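This is coords09.cif (mmCIF, C-alpha atoms).
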```
data_my_file
loop_
_atom_site.label_atom_id
_atom_site.label_comp_id
_atom_site.auth_asym_id
_atom_site.auth_seq_id
_atom_site.Cartn_x
_atom_site.Cartn_y
_atom_site.Cartn_z
CA MET A 16 -93.40 -26.15 14.75
CA ARG A 17 -90.85 -26.98 12.06
CA ILE A 18 -88.01 -24.52 12.17
CA LYS A 19 -84.81 -23.74 10.34
CA LEU A 20 -82.42 -21.81 12.56
CA ASP A 21 -79.95 -19.44 10.98
CA GLU A 22 -76.30 -20.01 11.78
CA ASN A 23 -76.20 -16.71 13.62
CA LEU A 24 -78.27 -18.21 16.48
CA PRO A 25 -76.66 -20.22 19.28
CA ALA A 26 -76.71 -24.01 19.40
CA SER A 27 -78.18 -23.75 22.89
CA LEU A 28 -81.30 -22.22 21.33
CA ALA A 29 -81.62 -25.24 19.04
CA SER A 30 -81.53 -27.64 21.98
CA ALA A 31 -83.96 -25.47 23.97
CA LEU A 32 -86.45 -25.47 21.07
CA THR A 33 -85.99 -29.21 20.56
CA ALA A 34 -86.74 -29.72 24.25
CA LEU A 35 -90.01 -27.85 23.66
CA ALA A 36 -90.91 -30.47 21.01
CA HIS A 37 -90.16 -28.33 17.99
CA GLU A 38 -88.50 -29.85 14.96
CA VAL A 39 -85.30 -27.85 14.60
CA HIS A 40 -83.08 -27.88 11.52
CA THR A 41 -79.76 -26.09 11.83
CA VAL A 42 -77.56 -24.63 9.15
CA ALA A 43 -74.52 -26.61 10.22
CA GLU A 44 -76.30 -30.00 10.06
CA GLU A 45 -77.46 -29.36 6.53
CA ASP A 46 -74.15 -28.21 5.13
CA LEU A 47 -75.34 -24.64 4.65
CA SER A 48 -72.53 -23.06 6.66
CA GLY A 49 -71.64 -19.71 5.17
CA SER A 50 -74.38 -20.01 2.53
CA LYS A 51 -75.88 -17.00 0.82
CA ASP A 52 -79.17 -15.60 2.09
CA HIS A 53 -81.24 -16.83 -0.84
CA GLU A 54 -79.71 -20.34 -0.69
CA LEU A 55 -80.76 -20.60 2.94
CA TRP A 56 -84.20 -19.24 2.13
CA GLU A 57 -84.70 -21.67 -0.74
CA ALA A 58 -83.57 -24.61 1.40
CA ALA A 59 -86.10 -23.61 4.07
CA GLN A 60 -88.82 -23.19 1.42
CA GLN A 61 -88.20 -26.66 -0.06
CA GLU A 62 -88.67 -28.30 3.31
CA SER A 63 -91.53 -25.96 4.31
CA LEU A 64 -89.68 -24.73 7.37
CA PHE A 65 -89.98 -21.48 9.23
CA LEU A 66 -86.73 -19.61 8.90
CA ILE A 67 -85.62 -17.84 12.04
CA THR A 68 -82.79 -15.36 11.75
CA PRO A 69 -81.66 -12.60 14.11
CA SER A 70 -80.16 -10.69 11.22
CA GLY A 71 -82.31 -7.78 10.09
CA ASN A 72 -80.08 -7.28 7.09
CA THR A 73 -80.73 -10.85 5.95
CA LEU A 74 -84.46 -10.16 6.09
CA TRP A 75 -84.21 -6.91 4.18
CA HIS A 76 -81.97 -8.51 1.62
CA LEU A 77 -84.44 -11.38 1.11
CA ALA A 78 -87.44 -9.06 1.11
CA GLY A 79 -85.87 -7.17 -1.76
CA SER A 80 -85.29 -10.28 -3.89
CA SER A 81 -87.65 -11.77 -6.44
CA THR A 82 -87.69 -15.28 -4.91
CA PHE A 83 -89.12 -13.97 -1.68
CA ALA A 84 -92.88 -13.69 -1.70
CA GLY A 85 -95.67 -13.67 0.82
CA PRO A 86 -96.38 -12.25 4.24
CA GLU A 87 -94.09 -14.58 6.17
CA LEU A 88 -91.64 -11.80 6.99
CA VAL A 89 -91.98 -11.38 10.74
CA ASP A 90 -89.72 -8.83 12.32
CA SER A 91 -89.73 -9.50 16.04
CA ALA A 92 -87.86 -6.33 16.85
CA ASN A 93 -90.82 -4.09 16.06
CA MET B 24 -81.26 -7.84 19.79
CA THR B 25 -82.72 -5.13 17.59
CA THR B 26 -82.44 -5.13 13.85
CA GLN B 27 -80.57 -1.85 14.02
CA SER B 28 -76.93 -2.75 14.04
CA LEU B 29 -74.42 -1.53 16.52
CA LEU B 30 -71.67 -0.95 13.99
CA PRO B 31 -73.41 1.42 11.56
CA GLU B 32 -74.41 3.53 14.55
CA LEU B 33 -70.80 3.78 15.63
CA GLU B 34 -69.78 4.68 12.12
CA ILE B 35 -72.43 7.38 11.90
CA GLU B 36 -71.14 8.81 15.16
CA LYS B 37 -67.65 8.90 13.72
CA VAL B 38 -68.72 10.78 10.65
CA SER B 39 -71.34 13.17 11.91
CA THR B 40 -69.99 14.60 15.15
CA PRO B 41 -68.19 17.98 15.11
CA ALA B 42 -65.25 16.13 16.66
CA GLY B 43 -65.26 13.90 13.56
CA GLY B 44 -64.93 16.98 11.33
CA ARG B 45 -62.03 18.33 13.37
CA ARG B 46 -60.44 14.93 13.29
CA ARG B 47 -60.71 14.88 9.52
CA THR B 48 -59.03 18.28 9.21
CA ARG B 49 -56.33 17.14 11.60
CA ASP B 50 -55.84 13.92 9.60
CA ILE B 51 -55.42 15.83 6.35
CA LEU B 52 -52.95 18.26 7.91
CA LEU B 53 -50.97 15.39 9.37
CA ARG B 54 -50.94 13.67 6.01
CA TRP B 55 -49.82 16.88 4.33
CA LEU B 56 -46.90 17.12 6.77
CA LYS B 57 -45.97 13.48 6.18
CA PHE B 58 -46.20 14.09 2.42
CA ASN B 59 -43.78 17.01 2.62
CA LEU B 60 -41.42 15.14 4.92
CA VAL B 61 -41.23 12.29 2.42
CA GLY B 62 -40.85 14.78 -0.44
CA GLY B 63 -38.01 16.52 1.38
CA ILE B 64 -36.13 13.27 1.87
CA GLY B 65 -36.89 12.48 -1.78
CA ILE B 66 -34.99 15.61 -2.83
CA ALA B 67 -31.99 14.40 -0.82
CA VAL B 68 -32.28 10.99 -2.52
CA GLN B 69 -32.31 12.69 -5.91
CA PHE B 70 -29.18 14.74 -5.11
CA ALA B 71 -27.38 11.70 -3.73
CA ALA B 72 -28.28 9.55 -6.74
CA LEU B 73 -27.19 12.32 -9.11
CA PHE B 74 -23.91 12.71 -7.29
CA VAL B 75 -23.18 8.97 -7.29
CA LEU B 76 -24.09 8.45 -10.95
CA LYS B 77 -22.44 11.56 -12.37
CA GLY B 78 -19.64 12.18 -9.89
CA ILE B 79 -18.51 8.61 -9.23
CA PHE B 80 -19.69 6.54 -12.20
CA HIS B 81 -19.38 9.37 -14.75
CA PHE B 82 -22.78 8.92 -16.34
CA ASN B 83 -23.94 11.47 -18.87
CA TYR B 84 -25.49 14.28 -16.80
CA LEU B 85 -28.91 14.01 -18.45
CA ALA B 86 -29.07 10.23 -18.08
CA ALA B 87 -27.94 10.63 -14.47
CA THR B 88 -30.65 13.24 -13.85
CA ALA B 89 -33.34 11.02 -15.34
CA VAL B 90 -32.30 8.04 -13.19
CA ALA B 91 -31.98 10.25 -10.10
CA VAL B 92 -35.47 11.71 -10.58
CA GLU B 93 -36.94 8.24 -11.01
CA ALA B 94 -35.08 7.04 -7.91
CA ALA B 95 -36.67 9.91 -5.97
CA VAL B 96 -40.09 9.06 -7.40
CA VAL B 97 -39.70 5.40 -6.38
CA HIS B 98 -38.48 6.48 -2.94
CA ASN B 99 -41.43 8.82 -2.46
CA PHE B 100 -43.91 6.25 -3.69
CA VAL B 101 -42.71 3.54 -1.32
CA TRP B 102 -42.85 5.89 1.66
CA HIS B 103 -46.23 7.29 0.71
CA GLU B 104 -47.57 3.74 0.49
CA GLN B 105 -45.93 2.58 3.72
CA PHE B 106 -46.21 5.80 5.72
CA THR B 107 -48.22 8.73 4.38
CA TRP B 108 -51.26 6.73 3.24
CA CYS B 109 -50.54 3.48 5.08
CA ASP B 110 -53.99 3.48 6.67
CA ARG B 111 -55.67 3.42 3.30
CA VAL B 112 -53.72 1.16 1.03
CA GLN B 113 -52.04 -2.17 1.30
CA ALA B 114 -48.90 -2.86 -0.63
CA SER B 115 -49.17 -5.85 -2.97
CA TRP B 116 -47.71 -6.29 -6.43
CA ARG B 117 -51.12 -6.49 -8.06
CA ARG B 118 -52.28 -3.19 -6.55
CA SER B 119 -49.02 -1.35 -6.11
CA LEU B 120 -47.89 -1.52 -9.74
CA PRO B 121 -50.92 0.28 -11.20
CA ARG B 122 -50.78 2.67 -8.26
CA PHE B 123 -47.14 3.38 -8.99
CA ALA B 124 -47.97 3.99 -12.65
CA ARG B 125 -50.62 6.52 -11.59
CA PHE B 126 -48.22 8.17 -9.16
CA ASN B 127 -45.40 8.39 -11.69
CA LEU B 128 -47.72 9.75 -14.35
CA THR B 129 -49.48 12.35 -12.19
CA THR B 130 -46.50 13.67 -10.24
CA GLY B 131 -44.50 13.94 -13.46
CA ALA B 132 -47.30 15.65 -15.36
CA VAL B 133 -48.27 17.98 -12.52
CA SER B 134 -44.68 19.00 -11.82
CA ILE B 135 -43.68 19.72 -15.40
CA LEU B 136 -46.92 21.20 -16.74
CA GLY B 137 -47.76 22.97 -13.48
CA ASN B 138 -44.34 24.62 -13.22
CA LEU B 139 -44.40 25.72 -16.86
CA ALA B 140 -47.93 27.10 -16.65
CA LEU B 141 -47.37 28.91 -13.34
CA MET B 142 -44.03 30.34 -14.42
CA ASN B 143 -45.64 31.54 -17.62
CA VAL B 144 -48.42 33.30 -15.70
CA MET B 145 -46.33 34.74 -12.85
CA VAL B 146 -43.21 35.73 -14.78
CA GLY B 147 -44.57 36.17 -18.31
CA TYR B 148 -47.75 38.05 -17.40
CA GLY B 149 -47.17 39.14 -13.79
CA GLY B 150 -43.57 40.25 -14.22
CA MET B 151 -42.56 38.49 -10.99
CA ASN B 152 -38.96 37.64 -10.14
CA TYR B 153 -38.30 34.22 -11.66
CA LEU B 154 -36.77 32.67 -8.53
CA LEU B 155 -39.61 33.81 -6.29
CA ALA B 156 -42.07 32.66 -8.93
CA ASN B 157 -40.40 29.25 -9.08
CA ALA B 158 -40.53 28.88 -5.29
CA LEU B 159 -44.25 29.63 -5.42
CA ALA B 160 -44.72 27.27 -8.35
CA ILE B 161 -42.95 24.46 -6.49
CA ALA B 162 -45.15 25.01 -3.42
CA LEU B 163 -48.34 25.06 -5.52
CA CYS B 164 -47.31 21.96 -7.50
CA SER B 165 -46.53 20.16 -4.26
CA LEU B 166 -50.02 20.98 -3.02
CA ALA B 167 -51.51 19.84 -6.35
CA ASN B 168 -49.50 16.61 -6.20
CA PHE B 169 -50.73 16.01 -2.68
CA LEU B 170 -54.36 16.51 -3.70
CA VAL B 171 -54.03 14.25 -6.74
CA SER B 172 -52.39 11.56 -4.61
CA GLU B 173 -55.01 11.96 -1.91
CA GLN B 174 -57.92 11.76 -4.32
CA TRP B 175 -56.70 9.38 -6.97
CA VAL B 176 -53.38 7.64 -6.50
CA PHE B 177 -53.94 6.46 -2.93
CA GLU B 178 -57.71 6.42 -3.01
CA GLU B 179 -59.40 4.07 -0.63
CA THR B 180 -59.53 0.53 -1.92
CA SER B 181 -63.06 -0.68 -2.52
CA ASN B 182 -62.49 -4.35 -1.92
CA PRO B 183 -65.84 -5.68 -0.71
CA GLN B 184 -64.26 -8.81 0.73
CA ARG B 185 -62.48 -6.97 3.48
CA TYR B 186 -63.98 -5.00 6.26
CA HIS B 187 -61.85 -2.01 7.15
CA SER B 188 -61.80 0.14 10.17
CA SER B 189 -60.84 3.66 9.23
CA ASN B 190 -57.64 5.53 10.01
CA VAL B 191 -55.58 2.65 11.30
CA CYS B 192 -52.50 1.31 9.60
CA ASN B 193 -52.76 -2.30 8.58
CA ARG B 194 -49.35 -3.45 9.57
CA SER B 195 -49.95 -4.92 12.98
CA ALA B 196 -50.57 -8.63 13.33
CA LEU B 197 -53.81 -7.91 15.16
CA VAL B 198 -55.29 -6.05 12.26
CA ASN B 199 -54.26 -8.64 9.72
CA LYS B 200 -55.85 -11.28 11.87
CA TYR B 201 -59.30 -9.75 11.71
CA GLU B 202 -59.03 -8.84 8.06
CA GLU B 203 -58.32 -12.46 7.17
CA ARG B 204 -61.30 -13.77 9.08
CA ILE B 205 -64.01 -11.14 8.65
CA ILE B 206 -65.63 -10.60 5.28
CA ARG B 207 -68.55 -8.68 3.83
CA ASP B 208 -70.61 -10.13 1.02
CA PRO B 209 -73.89 -8.44 0.04
CA GLN B 210 -75.35 -11.95 -0.51
CA ILE B 211 -74.60 -13.13 3.03
CA CYS B 212 -76.63 -11.65 5.90
CA GLY B 213 -77.39 -8.73 3.61
CA GLY B 214 -73.79 -7.53 3.73
CA ASP B 215 -73.25 -7.59 7.47
CA PRO B 216 -69.65 -8.38 8.39
CA VAL B 217 -69.48 -12.15 8.97
CA PHE B 218 -66.76 -14.67 9.75
CA LYS B 219 -65.39 -16.33 6.66
CA GLY B 220 -67.19 -19.55 5.74
CA THR B 221 -70.05 -18.94 8.19
CA ARG B 222 -73.22 -16.92 8.53
CA VAL B 223 -72.22 -15.80 12.02
CA THR B 224 -71.98 -12.02 12.17
CA LEU B 225 -69.23 -10.02 13.80
CA ARG B 226 -71.95 -8.19 15.69
CA THR B 227 -73.22 -11.41 17.25
CA VAL B 228 -69.79 -12.31 18.59
CA LEU B 229 -69.09 -8.77 19.84
CA ALA B 230 -72.48 -8.67 21.55
CA SER B 231 -71.82 -12.06 23.18
CA LEU B 232 -68.43 -10.88 24.42
CA ALA B 233 -69.97 -7.66 25.69
CA ALA B 234 -72.61 -9.70 27.52
CA GLY B 235 -69.81 -11.48 29.35
CA ASP B 236 -69.72 -14.77 27.44
CA LEU B 237 -66.37 -16.52 27.50
CA PRO B 238 -64.76 -17.42 24.18
CA GLU B 239 -65.26 -21.15 24.92
CA ALA B 240 -69.00 -20.56 25.39
CA ILE B 241 -69.20 -18.60 22.15
CA LEU B 242 -67.38 -21.35 20.27
CA SER B 243 -69.73 -24.02 21.58
CA ASP B 244 -72.79 -21.88 20.76
CA PHE B 245 -71.55 -21.19 17.23
CA PRO B 246 -69.73 -24.38 16.21
CA ALA B 247 -68.87 -23.00 12.78
CA LEU B 248 -66.51 -20.47 14.36
CA ARG B 249 -62.83 -21.12 14.85
CA PRO B 250 -60.99 -19.95 17.97
CA GLU B 251 -59.19 -17.31 15.92
CA ASP B 252 -62.56 -15.81 14.93
CA VAL B 253 -63.25 -14.71 18.50
CA GLN B 254 -59.75 -13.26 18.57
CA ALA B 255 -60.50 -11.50 15.27
CA ALA B 256 -63.63 -9.92 16.77
CA ILE B 257 -61.58 -8.62 19.69
CA SER B 258 -58.89 -7.37 17.29
CA PHE B 259 -61.54 -5.53 15.31
CA ALA B 260 -62.84 -3.88 18.47
CA ALA B 261 -59.31 -2.98 19.54
CA THR B 262 -58.57 -1.51 16.15
CA SER B 263 -61.78 0.51 16.18
CA ALA B 264 -60.85 1.93 19.57
CA ALA B 265 -57.22 2.53 18.67
CA GLU B 266 -57.71 5.93 17.13
CA ASP B 267 -61.33 6.92 16.66
CA LEU B 268 -62.82 6.10 20.00
CA PRO B 269 -66.53 6.21 19.24
CA VAL B 270 -68.64 8.66 21.16
CA ALA B 271 -71.28 6.85 23.19
CA PRO B 272 -74.69 7.52 21.63
CA THR B 273 -76.83 9.86 23.68
CA PRO B 274 -80.36 8.65 24.49
CA ASP B 275 -83.02 10.50 22.54
CA ILE B 276 -86.43 11.63 23.77
CA ALA B 277 -88.30 8.77 22.13
CA HIS B 278 -86.25 6.26 24.10
CA GLN B 279 -86.84 8.01 27.39
CA ALA B 280 -90.60 8.25 26.84
CA ARG B 281 -90.91 4.49 26.38
#
```
Kindly present the structure from the file in structure tokens form.
Amino acid sequence: MRIKLDENLPASLASALTALAHEVHTVAEEDLSGSKDHELWEAAQQESLFLITPSGNTLWHLAGSSTFAGPELVDSAN
Amino acid sequence: MTTQSLLPELEIEKVSTPAGGRRRTRDILLRWLKFNLVGGIGIAVQFAALFVLKGIFHFNYLAATAVAVEAAVVHNFVWHEQFTWCDRVQASWRRSLPRFARFNLTTGAVSILGNLALMNVMVGYGGMNYLLANALAIALCSLANFLVSEQWVFEETSNPQRYHSSNVCNRSALVNKYEERIIRDPQICGGDPVFKGTRVTLRTVLASLAAGDLPEAILSDFPALRPEDVQAAISFAATSAAEDLPVAPTPDIAHQAR
């Protein structure tokens, strides 16, 4: 699976996922530190990556914006 | 971690409990006492300034009165900013000058117009003794000045870049530390408090600390953080606990059934 990990997830998770043969892109590597929600989302979209974030507020913010379309919103907490 | 945040829950607890209501009443009473203390010292400042200007430097008595009143107003303003409402406002030239203009304008207008109107009603229509009426008018105008200051002059700053904990004065180094490092931007993590220049939320760091992670482990897990960010998270928690210790949420029936 090709994944973009939000900055709010630990680096140890990135290495654990890499060890499981996933392709992991992190925010820090791609100079997206401190970026806005939609910038991160658009970067993930351009590279066709799954975006994983632990921040519910990020999801709700994106879900309410016009650039966010489709059923990809997966809320693991529910 | 659930999507429901820890912090909003704590804030709801603060606001909605009966203890929160009592606390609010107590806070207003305390502020009212501070306000009157400052006002009382202000009167002394006015007398002293009048005495120095008229008695020693032989100013014209009206000019001396005007300067003395303004000295008292400045005195009161500085103390209200640094003491009475210190938990709400931060002194800075950019913010304090317009605030001072509001204070000067409202206290002046309320005192002069309020005294005239009340005297007119109580003495003119009510036939009350003018000294008693004036004492009442002064008390009522003081209350009115307090309310105007509370609601308008020292209203809570709505600076979205800073995340404030309520009811704590901002003078300690600890508090400044977290306010420099923790920001809220509706475009970043949907407005969750995050550390400046990162997408790492305050909640994540607090949860890691609560889970027993050492600061070094947190810094290696979130390389964008600086060492002072972990300190800022602790400062925030300390500040939150300093006055309004949050009531632990009670489990509801839905949780127990699960």
Could you tell me which residues the PyMOL selection byres ((chain A) within 12 of (chain B)) returns for this structure, as a PDB file with C-alpha atoms, in the coordinates of the input?
```pdb
ATOM      1  CA  LEU A  20     -82.420 -21.810  12.560  1.00  0.00           C
ATOM      2  CA  ASP A  21     -79.950 -19.440  10.980  1.00  0.00           C
ATOM      3  CA  GLU A  22     -76.300 -20.010  11.780  1.00  0.00           C
ATOM      4  CA  ASN A  23     -76.200 -16.710  13.620  1.00  0.00           C
ATOM      5  CA  LEU A  24     -78.270 -18.210  16.480  1.00  0.00           C
ATOM      6  CA  PRO A  25     -76.660 -20.220  19.280  1.00  0.00           C
ATOM      7  CA  ALA A  26     -76.710 -24.010  19.400  1.00  0.00           C
ATOM      8  CA  SER A  27     -78.180 -23.750  22.890  1.00  0.00           C
ATOM      9  CA  LEU A  28     -81.300 -22.220  21.330  1.00  0.00           C
ATOM     10  CA  ALA A  29     -81.620 -25.240  19.040  1.00  0.00           C
ATOM     11  CA  SER A  30     -81.530 -27.640  21.980  1.00  0.00           C
ATOM     12  CA  THR A  41     -79.760 -26.090  11.830  1.00  0.00           C
ATOM     13  CA  VAL A  42     -77.560 -24.630   9.150  1.00  0.00           C
ATOM     14  CA  ALA A  43     -74.520 -26.610  10.220  1.00  0.00           C
ATOM     15  CA  GLU A  44     -76.300 -30.000  10.060  1.00  0.00           C
ATOM     16  CA  ASP A  46     -74.150 -28.210   5.130  1.00  0.00           C
ATOM     17  CA  LEU A  47     -75.340 -24.640   4.650  1.00  0.00           C
ATOM     18  CA  SER A  48     -72.530 -23.060   6.660  1.00  0.00           C
ATOM     19  CA  GLY A  49     -71.640 -19.710   5.170  1.00  0.00           C
ATOM     20  CA  SER A  50     -74.380 -20.010   2.530  1.00  0.00           C
ATOM     21  CA  LYS A  51     -75.880 -17.000   0.820  1.00  0.00           C
ATOM     22  CA  ASP A  52     -79.170 -15.600   2.090  1.00  0.00           C
ATOM     23  CA  HIS A  53     -81.240 -16.830  -0.840  1.00  0.00           C
ATOM     24  CA  GLU A  54     -79.710 -20.340  -0.690  1.00  0.00           C
ATOM     25  CA  LEU A  55     -80.760 -20.600   2.940  1.00  0.00           C
ATOM     26  CA  TRP A  56     -84.200 -19.240   2.130  1.00  0.00           C
ATOM     27  CA  THR A  68     -82.790 -15.360  11.750  1.00  0.00           C
ATOM     28  CA  PRO A  69     -81.660 -12.600  14.110  1.00  0.00           C
ATOM     29  CA  SER A  70     -80.160 -10.690  11.220  1.00  0.00           C
ATOM     30  CA  GLY A  71     -82.310  -7.780  10.090  1.00  0.00           C
ATOM     31  CA  ASN A  72     -80.080  -7.280   7.090  1.00  0.00           C
ATOM     32  CA  THR A  73     -80.730 -10.850   5.950  1.00  0.00           C
ATOM     33  CA  LEU A  74     -84.460 -10.160   6.090  1.00  0.00           C
ATOM     34  CA  TRP A  75     -84.210  -6.910   4.180  1.00  0.00           C
ATOM     35  CA  HIS A  76     -81.970  -8.510   1.620  1.00  0.00           C
ATOM     36  CA  LEU A  77     -84.440 -11.380   1.110  1.00  0.00           C
ATOM     37  CA  ALA A  78     -87.440  -9.060   1.110  1.00  0.00           C
ATOM     38  CA  GLY A  79     -85.870  -7.170  -1.760  1.00  0.00           C
ATOM     39  CA  SER A  80     -85.290 -10.280  -3.890  1.00  0.00           C
ATOM     40  CA  VAL A  89     -91.980 -11.380  10.740  1.00  0.00           C
ATOM     41  CA  ASP A  90     -89.720  -8.830  12.320  1.00  0.00           C
ATOM     42  CA  SER A  91     -89.730  -9.500  16.040  1.00  0.00           C
ATOM     43  CA  ALA A  92     -87.860  -6.330  16.850  1.00  0.00           C
ATOM     44  CA  ASN A  93     -90.820  -4.090  16.060  1.00  0.00           C
TER      45      ASN A  93
END
```
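Across the model, the gap from CA of Phe123 in chain B to CA of Phe100 in chain B is 6.8 Å.
Taking only C-alpha atoms, the non-local environment of Ala114 in chain B within 9 Å (same-chain residues fewer than 5 positions away omitted) comprises B:Val101, B:Glu104, B:Gln105, B:Cys109, B:Ser119.
Taking CA of Val112 in chain B and CA of Phe177 in chain B as the two end points, the separation is 6.6 Å.
Against the coordinates shown, the PyMOL selection byres ((chain B and resi 56) around 12) returns Arg49, Asp50, Ile51, Leu52, Leu53, Arg54, Trp55, Lys57, Phe58, Asn59, Leu60, Val61, Gly62, Gly63, His103, Phe106, Thr107, Trp108, Ser165, Leu166 and Phe169 of chain B.
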Hits from the PyMOL selection byres ((chain B and resi 129) around 12), listed as a PyMOL selection string: chain B and resi 96+100+122-128+130-137+164-165+167-177
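With CA of Leu35 in chain A on one side and CA of Lys19 in chain A on the other, the separation reads 14.9 Å.
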Non-local contacts of Leu64 in chain A (12 Å; all atoms listed in the file; under 3 positions in same chain excluded) as JSON, numbers by chain: {"A": [16, 17, 18, 19, 20, 21, 37, 38, 39, 40, 41, 55, 56, 57, 58, 59, 60, 61, 67, 87]}
Can those selected residues be exported to a file as a CSV table (one decimal), in the coordinates of the input so that it contains C-alpha atoms?
```
chain,number,residue,atom,x,y,z
A,16,MET,CA,-93.4,-26.2,14.8
A,17,ARG,CA,-90.8,-27.0,12.1
A,18,ILE,CA,-88.0,-24.5,12.2
A,19,LYS,CA,-84.8,-23.7,10.3
A,20,LEU,CA,-82.4,-21.8,12.6
A,21,ASP,CA,-80.0,-19.4,11.0
A,37,HIS,CA,-90.2,-28.3,18.0
A,38,GLU,CA,-88.5,-29.8,15.0
A,39,VAL,CA,-85.3,-27.8,14.6
A,40,HIS,CA,-83.1,-27.9,11.5
A,41,THR,CA,-79.8,-26.1,11.8
A,55,LEU,CA,-80.8,-20.6,2.9
A,56,TRP,CA,-84.2,-19.2,2.1
A,57,GLU,CA,-84.7,-21.7,-0.7
A,58,ALA,CA,-83.6,-24.6,1.4
A,59,ALA,CA,-86.1,-23.6,4.1
A,60,GLN,CA,-88.8,-23.2,1.4
A,61,GLN,CA,-88.2,-26.7,-0.1
A,67,ILE,CA,-85.6,-17.8,12.0
A,87,GLU,CA,-94.1,-14.6,6.2
```
